[in-house]
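Everything below belongs to query.pdb, which stores PDB, C-alpha atoms, pLDDT in the B column.
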ATOM      1  CA  MET A 149     -23.425   1.194 -89.333  1.00 37.00           C
ATOM      2  CA  MET A 150     -24.754   0.723 -92.826  1.00 39.00           C
ATOM      3  CA  ILE A 151     -28.293   0.291 -91.543  1.00 41.00           C
ATOM      4  CA  LEU A 152     -28.241   3.881 -90.300  1.00 41.00           C
ATOM      5  CA  ARG A 153     -27.628   5.200 -93.811  1.00 44.00           C
ATOM      6  CA  MET A 154     -30.345   3.180 -95.522  1.00 43.00           C
ATOM      7  CA  PRO A 155     -33.746   4.660 -96.331  1.00 45.00           C
ATOM      8  CA  SER A 156     -36.566   3.425 -94.092  1.00 45.00           C
ATOM      9  CA  MET A 157     -37.926   0.942 -96.655  1.00 46.00           C
ATOM     10  CA  HIS A 158     -34.492  -0.749 -96.815  1.00 49.00           C
ATOM     11  CA  ILE A 159     -34.438  -0.992 -93.021  1.00 50.00           C
ATOM     12  CA  ILE A 160     -37.832  -2.645 -93.098  1.00 48.00           C
ATOM     13  CA  SER A 161     -36.817  -5.119 -95.766  1.00 52.00           C
ATOM     14  CA  SER A 162     -33.529  -5.814 -93.969  1.00 55.00           C
ATOM     15  CA  MET A 163     -35.417  -6.683 -90.740  1.00 62.00           C
ATOM     16  CA  ALA A 164     -37.619  -9.060 -92.700  1.00 63.00           C
ATOM     17  CA  ALA A 165     -34.481 -10.502 -94.297  1.00 61.00           C
ATOM     18  CA  ILE A 166     -33.019 -11.186 -90.855  1.00 64.00           C
ATOM     19  CA  LYS A 167     -36.085 -13.197 -89.932  1.00 67.00           C
ATOM     20  CA  LYS A 168     -36.093 -15.039 -93.289  1.00 73.00           C
ATOM     21  CA  HIS A 169     -32.380 -15.671 -93.647  1.00 75.00           C
ATOM     22  CA  ARG A 170     -31.245 -16.361 -90.096  1.00 83.00           C
ATOM     23  CA  GLY A 171     -28.426 -18.628 -91.386  1.00 87.00           C
ATOM     24  CA  ILE A 172     -26.767 -15.870 -93.390  1.00 88.00           C
ATOM     25  CA  PHE A 173     -26.986 -13.505 -90.445  1.00 87.00           C
ATOM     26  CA  SER A 174     -25.502 -16.211 -88.241  1.00 92.00           C
ATOM     27  CA  VAL A 175     -22.491 -16.370 -90.567  1.00 94.00           C
ATOM     28  CA  LEU A 176     -22.225 -12.560 -90.470  1.00 94.00           C
ATOM     29  CA  PHE A 177     -22.378 -12.705 -86.670  1.00 95.00           C
ATOM     30  CA  VAL A 178     -19.545 -15.244 -86.538  1.00 96.00           C
ATOM     31  CA  ALA A 179     -17.508 -13.084 -88.941  1.00 97.00           C
ATOM     32  CA  TYR A 180     -18.152 -10.075 -86.685  1.00 97.00           C
ATOM     33  CA  LEU A 181     -16.994 -12.052 -83.628  1.00 96.00           C
ATOM     34  CA  VAL A 182     -13.805 -13.166 -85.417  1.00 96.00           C
ATOM     35  CA  LEU A 183     -13.018  -9.576 -86.433  1.00 95.00           C
ATOM     36  CA  LEU A 184     -13.821  -8.298 -82.946  1.00 94.00           C
ATOM     37  CA  PHE A 185     -11.559 -10.962 -81.417  1.00 93.00           C
ATOM     38  CA  TYR A 186      -8.728 -10.023 -83.803  1.00 92.00           C
ATOM     39  CA  PHE A 187      -8.987  -6.272 -83.207  1.00 90.00           C
ATOM     40  CA  LEU A 188      -9.335  -6.606 -79.433  1.00 90.00           C
ATOM     41  CA  PHE A 189      -6.486  -9.045 -78.877  1.00 88.00           C
ATOM     42  CA  PHE A 190      -4.053  -9.081 -81.801  1.00 85.00           C
ATOM     43  CA  SER A 191      -4.203  -5.889 -83.864  1.00 83.00           C
ATOM     44  CA  GLU A 192      -1.126  -3.806 -83.126  1.00 75.00           C
ATOM     45  CA  GLY A 193      -2.809  -0.644 -84.346  1.00 68.00           C
ATOM     46  CA  PHE A 194      -5.187  -0.525 -81.392  1.00 63.00           C
ATOM     47  CA  GLY A 195      -2.842   0.023 -78.452  1.00 56.00           C
ATOM     48  CA  ARG A 196      -2.076  -3.595 -77.577  1.00 56.00           C
ATOM     49  CA  MET A 197       0.650  -3.997 -74.988  1.00 53.00           C
ATOM     50  CA  GLN A 198       1.922  -7.381 -76.132  1.00 51.00           C
ATOM     51  CA  GLY A 199       4.948  -8.648 -74.314  1.00 53.00           C
ATOM     52  CA  ALA A 200       4.284  -6.497 -71.266  1.00 60.00           C
ATOM     53  CA  ASN A 201       5.664  -7.971 -68.070  1.00 71.00           C
ATOM     54  CA  GLU A 202       3.190  -6.341 -65.754  1.00 78.00           C
ATOM     55  CA  TYR A 203      -0.559  -6.108 -65.411  1.00 80.00           C
ATOM     56  CA  HIS A 204      -2.331  -2.923 -66.441  1.00 84.00           C
ATOM     57  CA  TYR A 205      -5.742  -2.011 -65.098  1.00 92.00           C
ATOM     58  CA  ASN A 206      -8.039   0.909 -64.374  1.00 95.00           C
ATOM     59  CA  LEU A 207     -10.694   0.449 -61.713  1.00 96.00           C
ATOM     60  CA  VAL A 208     -11.739   4.122 -61.476  1.00 97.00           C
ATOM     61  CA  LEU A 209     -14.784   4.907 -63.614  1.00 97.00           C
ATOM     62  CA  PHE A 210     -14.243   7.741 -66.137  1.00 97.00           C
ATOM     63  CA  ARG A 211     -10.484   8.003 -65.392  1.00 97.00           C
ATOM     64  CA  GLU A 212      -9.347   6.986 -68.891  1.00 94.00           C
ATOM     65  CA  ILE A 213     -12.193   8.816 -70.618  1.00 95.00           C
ATOM     66  CA  ARG A 214     -11.241  12.027 -68.793  1.00 96.00           C
ATOM     67  CA  ARG A 215      -7.537  11.452 -69.520  1.00 95.00           C
ATOM     68  CA  PHE A 216      -8.121  10.932 -73.240  1.00 94.00           C
ATOM     69  CA  THR A 217     -10.421  13.959 -73.352  1.00 94.00           C
ATOM     70  CA  LYS A 218      -8.081  16.222 -71.388  1.00 95.00           C
ATOM     71  CA  TYR A 219      -4.919  15.206 -73.254  1.00 95.00           C
ATOM     72  CA  ARG A 220      -6.502  14.763 -76.677  1.00 94.00           C
ATOM     73  CA  HIS A 221      -4.093  17.350 -78.121  1.00 94.00           C
ATOM     74  CA  ILE A 222      -1.136  15.257 -76.859  1.00 95.00           C
ATOM     75  CA  VAL A 223      -2.307  11.689 -77.550  1.00 92.00           C
ATOM     76  CA  GLY A 224      -3.928  12.753 -80.809  1.00 94.00           C
ATOM     77  CA  ASN A 225      -7.445  12.642 -82.147  1.00 92.00           C
ATOM     78  CA  ARG A 226      -7.005   9.103 -83.482  1.00 91.00           C
ATOM     79  CA  ALA A 227      -6.218   7.709 -80.012  1.00 90.00           C
ATOM     80  CA  PHE A 228      -9.074   9.707 -78.487  1.00 92.00           C
ATOM     81  CA  LEU A 229     -11.596   8.559 -81.097  1.00 93.00           C
ATOM     82  CA  LEU A 230     -10.439   4.925 -80.932  1.00 90.00           C
ATOM     83  CA  ASN A 231     -10.637   4.820 -77.145  1.00 90.00           C
ATOM     84  CA  VAL A 232     -13.983   6.520 -76.696  1.00 91.00           C
ATOM     85  CA  PHE A 233     -15.978   5.957 -79.863  1.00 95.00           C
ATOM     86  CA  GLY A 234     -14.178   2.794 -80.973  1.00 94.00           C
ATOM     87  CA  ASN A 235     -15.456   0.929 -77.917  1.00 94.00           C
ATOM     88  CA  LEU A 236     -19.007   2.144 -78.545  1.00 96.00           C
ATOM     89  CA  ILE A 237     -18.969   1.254 -82.230  1.00 97.00           C
ATOM     90  CA  ALA A 238     -17.235  -2.111 -81.734  1.00 96.00           C
ATOM     91  CA  PHE A 239     -20.062  -3.431 -79.549  1.00 98.00           C
ATOM     92  CA  MET A 240     -23.025  -1.960 -81.435  1.00 98.00           C
ATOM     93  CA  PRO A 241     -23.275  -4.966 -83.773  1.00 98.00           C
ATOM     94  CA  LEU A 242     -23.345  -7.303 -80.760  1.00 98.00           C
ATOM     95  CA  GLY A 243     -26.350  -5.432 -79.352  1.00 97.00           C
ATOM     96  CA  PHE A 244     -28.048  -5.748 -82.739  1.00 96.00           C
ATOM     97  CA  PHE A 245     -27.161  -9.368 -83.523  1.00 95.00           C
ATOM     98  CA  ILE A 246     -28.157 -10.871 -80.156  1.00 95.00           C
ATOM     99  CA  PRO A 247     -31.893 -10.080 -80.425  1.00 94.00           C
ATOM    100  CA  ALA A 248     -31.910 -10.491 -84.203  1.00 91.00           C
ATOM    101  CA  LEU A 249     -30.582 -14.033 -84.033  1.00 92.00           C
ATOM    102  CA  SER A 250     -31.921 -15.268 -80.704  1.00 88.00           C
ATOM    103  CA  ARG A 251     -35.509 -16.233 -80.217  1.00 80.00           C
ATOM    104  CA  LYS A 252     -35.101 -15.902 -76.432  1.00 82.00           C
ATOM    105  CA  SER A 253     -32.996 -12.732 -76.036  1.00 82.00           C
ATOM    106  CA  LYS A 254     -35.347 -10.041 -77.315  1.00 85.00           C
ATOM    107  CA  ASN A 255     -35.530  -8.317 -73.917  1.00 93.00           C
ATOM    108  CA  GLY A 256     -33.406  -5.160 -73.740  1.00 95.00           C
ATOM    109  CA  PHE A 257     -32.107  -5.928 -70.263  1.00 96.00           C
ATOM    110  CA  ALA A 258     -30.978  -9.429 -71.319  1.00 95.00           C
ATOM    111  CA  VAL A 259     -29.220  -8.040 -74.396  1.00 97.00           C
ATOM    112  CA  VAL A 260     -27.416  -5.331 -72.414  1.00 97.00           C
ATOM    113  CA  LEU A 261     -26.462  -7.863 -69.730  1.00 97.00           C
ATOM    114  CA  ASN A 262     -25.041 -10.199 -72.378  1.00 96.00           C
ATOM    115  CA  CYS A 263     -23.075  -7.312 -73.924  1.00 97.00           C
ATOM    116  CA  PHE A 264     -21.714  -6.458 -70.477  1.00 98.00           C
ATOM    117  CA  LEU A 265     -20.706 -10.085 -69.848  1.00 98.00           C
ATOM    118  CA  VAL A 266     -18.943 -10.359 -73.220  1.00 97.00           C
ATOM    119  CA  SER A 267     -17.158  -7.084 -72.473  1.00 98.00           C
ATOM    120  CA  LEU A 268     -16.168  -8.336 -69.013  1.00 98.00           C
ATOM    121  CA  LEU A 269     -14.792 -11.519 -70.577  1.00 97.00           C
ATOM    122  CA  VAL A 270     -12.744  -9.421 -73.023  1.00 96.00           C
ATOM    123  CA  GLU A 271     -11.352  -7.248 -70.233  1.00 95.00           C
ATOM    124  CA  VAL A 272     -10.436 -10.263 -68.069  1.00 95.00           C
ATOM    125  CA  ILE A 273      -8.686 -11.955 -71.017  1.00 93.00           C
ATOM    126  CA  GLN A 274      -6.754  -8.742 -71.691  1.00 90.00           C
ATOM    127  CA  LEU A 275      -5.670  -8.594 -68.056  1.00 91.00           C
ATOM    128  CA  VAL A 276      -4.764 -12.256 -67.598  1.00 91.00           C
ATOM    129  CA  PHE A 277      -2.829 -12.570 -70.852  1.00 89.00           C
ATOM    130  CA  LYS A 278      -1.367  -9.041 -70.612  1.00 86.00           C
ATOM    131  CA  LEU A 279      -2.783  -8.116 -74.013  1.00 85.00           C
ATOM    132  CA  GLY A 280      -4.123  -4.777 -72.900  1.00 83.00           C
ATOM    133  CA  CYS A 281      -5.558  -3.034 -69.919  1.00 89.00           C
ATOM    134  CA  PHE A 282      -8.512  -4.112 -67.786  1.00 95.00           C
ATOM    135  CA  ASP A 283     -10.486  -0.881 -67.888  1.00 96.00           C
ATOM    136  CA  VAL A 284     -13.864  -0.192 -66.285  1.00 97.00           C
ATOM    137  CA  ASP A 285     -14.309   2.665 -68.762  1.00 97.00           C
ATOM    138  CA  ASP A 286     -14.119   0.101 -71.572  1.00 96.00           C
ATOM    139  CA  LEU A 287     -16.754  -1.985 -69.776  1.00 97.00           C
ATOM    140  CA  LEU A 288     -19.024   1.051 -69.664  1.00 98.00           C
ATOM    141  CA  LEU A 289     -18.418   2.121 -73.266  1.00 98.00           C
ATOM    142  CA  ASN A 290     -18.732  -1.420 -74.648  1.00 98.00           C
ATOM    143  CA  THR A 291     -21.985  -1.954 -72.758  1.00 98.00           C
ATOM    144  CA  LEU A 292     -23.338   1.392 -73.979  1.00 98.00           C
ATOM    145  CA  GLY A 293     -22.383   0.349 -77.514  1.00 98.00           C
ATOM    146  CA  GLY A 294     -24.381  -2.851 -77.044  1.00 98.00           C
ATOM    147  CA  LEU A 295     -27.310  -0.781 -75.778  1.00 98.00           C
ATOM    148  CA  LEU A 296     -27.132   1.480 -78.852  1.00 98.00           C
ATOM    149  CA  GLY A 297     -27.061  -1.596 -81.106  1.00 98.00           C
ATOM    150  CA  TYR A 298     -30.107  -2.975 -79.306  1.00 98.00           C
ATOM    151  CA  MET A 299     -31.913   0.372 -79.694  1.00 97.00           C
ATOM    152  CA  ILE A 300     -31.272   0.276 -83.444  1.00 96.00           C
ATOM    153  CA  TYR A 301     -32.628  -3.287 -83.544  1.00 94.00           C
ATOM    154  CA  TRP A 302     -35.680  -2.284 -81.480  1.00 95.00           C
ATOM    155  CA  ILE A 303     -36.472   0.689 -83.735  1.00 95.00           C
ATOM    156  CA  CYS A 304     -36.093  -1.430 -86.875  1.00 91.00           C
ATOM    157  CA  ASP A 305     -38.245  -4.159 -85.349  1.00 88.00           C
ATOM    158  CA  LYS A 306     -41.017  -1.657 -84.482  1.00 90.00           C
ATOM    159  CA  ILE A 307     -40.929  -0.212 -88.006  1.00 89.00           C
ATOM    160  CA  THR A 308     -41.144  -3.744 -89.424  1.00 82.00           C
ATOM    161  CA  ASP A 309     -44.072  -4.645 -87.161  1.00 79.00           C
ATOM    162  CA  ARG A 310     -45.959  -1.473 -88.021  1.00 77.00           C
ATOM    163  CA  THR A 311     -45.362  -1.918 -91.762  1.00 75.00           C
ATOM    164  CA  SER A 312     -46.417  -5.586 -91.720  1.00 70.00           C
ATOM    165  CA  ARG A 313     -49.601  -4.703 -89.806  1.00 73.00           C
ATOM    166  CA  GLN A 314     -50.439  -2.005 -92.357  1.00 75.00           C
ATOM    167  CA  LYS A 315     -49.915  -4.425 -95.258  1.00 72.00           C
ATOM    168  CA  GLY A 316     -51.782  -7.298 -93.556  1.00 61.00           C
TER     169      GLY A 316
END
What is this file in structure tokens?
Amino acid sequence: MMILRMPSMHIISSMAAIKKHRGIFSVLFVAYLVLLFYFLFFSEGFGRMQGANEYHYNLVLFREIRRFTKYRHIVGNRAFLLNVFGNLIAFMPLGFFIPALSRKSKNGFAVVLNCFLVSLLVEVIQLVFKLGCFDVDDLLLNTLGGLLGYMIYWICDKITDRTSRQKG
């Protein structure tokens, strides 16, 4: 998120910093994963259904997105924003970190596939342990968030390449 607010020269230097200081970014990535794990499975403020005796799932694409949009005035803006935009934003760092830290996963398709697989793992864990709802809308939104994160990485990488070619 912070990268979006930085002037272009800071973006360029931050991309170079990623390449130089891979260890620090690895620690940041682990911290991100720990926070993501906490918010997705244990944070009570994000609609967890802990202690539920039954399984909850949605297998109809766009059902929950439409429901939250239609009944936004009833469920509240916070619930609407958390459900729709929270899923996008939560997975944006994953789409950025994967190509930034991996020498092999620079391909957009591979990054998006990995984001989808992580999201699928999250949804299955939520279903099996009854910590939430298996929701295909969440799969879509999480994967789109990963794609947006990858697009930010790709843009920053192109700016870095162009700037280094101009200097060199």
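For segment 255-257 of chain A, the list of residues within 8 Å, based on all atoms listed in the file and with local chain neighbours fewer than 6 positions off taken out, reads A:Pro247, A:Leu295, A:Tyr298.
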* Asked: Using only C-alpha atoms, which residues sit within 12 Å of Leu261 of chain A once same-chain residues fewer than 2 positions away are excluded, as a PyMOL selection string?
  -> chain A and resi 242-243+246+253-259+263-268+287-288+290-292+294-295+298
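Neighbours of Asp285 of chain A closer than or equal to 8 Å, with only C-alpha atoms counted and sequence neighbours fewer than 3 positions away skipped, come out as Asn206, Val208, Leu209, Phe210, Arg211, Glu212, Ile213, Leu288 and Leu289 of chain A.
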For C-alpha atoms, I'd like the residues from the last selection saved as an mmCIF file, in the frame of the given file.
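Okay, this is what ended up in again-v2.cif:
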data_model
loop_
_atom_site.group_PDB
_atom_site.id
_atom_site.type_symbol
_atom_site.label_atom_id
_atom_site.label_comp_id
_atom_site.auth_asym_id
_atom_site.auth_seq_id
_atom_site.Cartn_x
_atom_site.Cartn_y
_atom_site.Cartn_z
ATOM 1 C CA ASN A 206 -8.039 0.909 -64.374
ATOM 2 C CA VAL A 208 -11.739 4.122 -61.476
ATOM 3 C CA LEU A 209 -14.784 4.907 -63.614
ATOM 4 C CA PHE A 210 -14.243 7.741 -66.137
ATOM 5 C CA ARG A 211 -10.484 8.003 -65.392
ATOM 6 C CA GLU A 212 -9.347 6.986 -68.891
ATOM 7 C CA ILE A 213 -12.193 8.816 -70.618
ATOM 8 C CA LEU A 288 -19.024 1.051 -69.664
ATOM 9 C CA LEU A 289 -18.418 2.121 -73.266
#
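The shortest atom-to-atom distance to Lys168 of chain A, with all atoms listed in the file taken into account, belongs to A:Leu249 out of A:Phe185, A:Tyr219, A:Gly280, A:Leu249.
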Emit as JSON the padded axis-aligned box for all listed atoms of segment 297-307 of chain A, 6 Å per side, with centre and edge lengths in Å to one decimal.
{"center_x": -34.0, "center_y": -1.7, "center_z": -83.7, "size_x": 26.0, "size_y": 16.8, "size_z": 20.7}
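In this model, the gap between atom CA of Val178 of chain A and atom CA of Asp283 of chain A comes to 25.2 Å.
The interatomic distance for the pair atom CA of Asn231 of chain A and atom CA of Val260 of chain A works out to 20.2 Å.
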* Using the chain letters and numbers from the file, give me the residues hit by the PyMOL selection byres ((chain A and resi 205) around 10), as a PyMOL selection string. => chain A and resi 202-204+206-208+271-272+274-275+278+280-284
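Taking atom CA of Ile237 of chain A as the reference point, atom CA of Thr311 of chain A is found at 28.2 Å.
Minimum distance to Leu176 of chain A across A:Trp302, A:Phe245, A:Phe277, A:Phe189 (counting all atoms listed in the file) occurs at A:Phe245.
Take the candidates A:Leu184, A:Leu279, A:Leu269, A:Ile172 and check each one against Pro241 of chain A using only C-alpha atoms; the shortest distance goes to A:Leu184.
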* Go through A:Ser312, A:Asp286, A:Lys218, A:Ile273 and flag the residue nearest Leu230 of chain A, using only C-alpha atoms for the distances. => A:Asp286
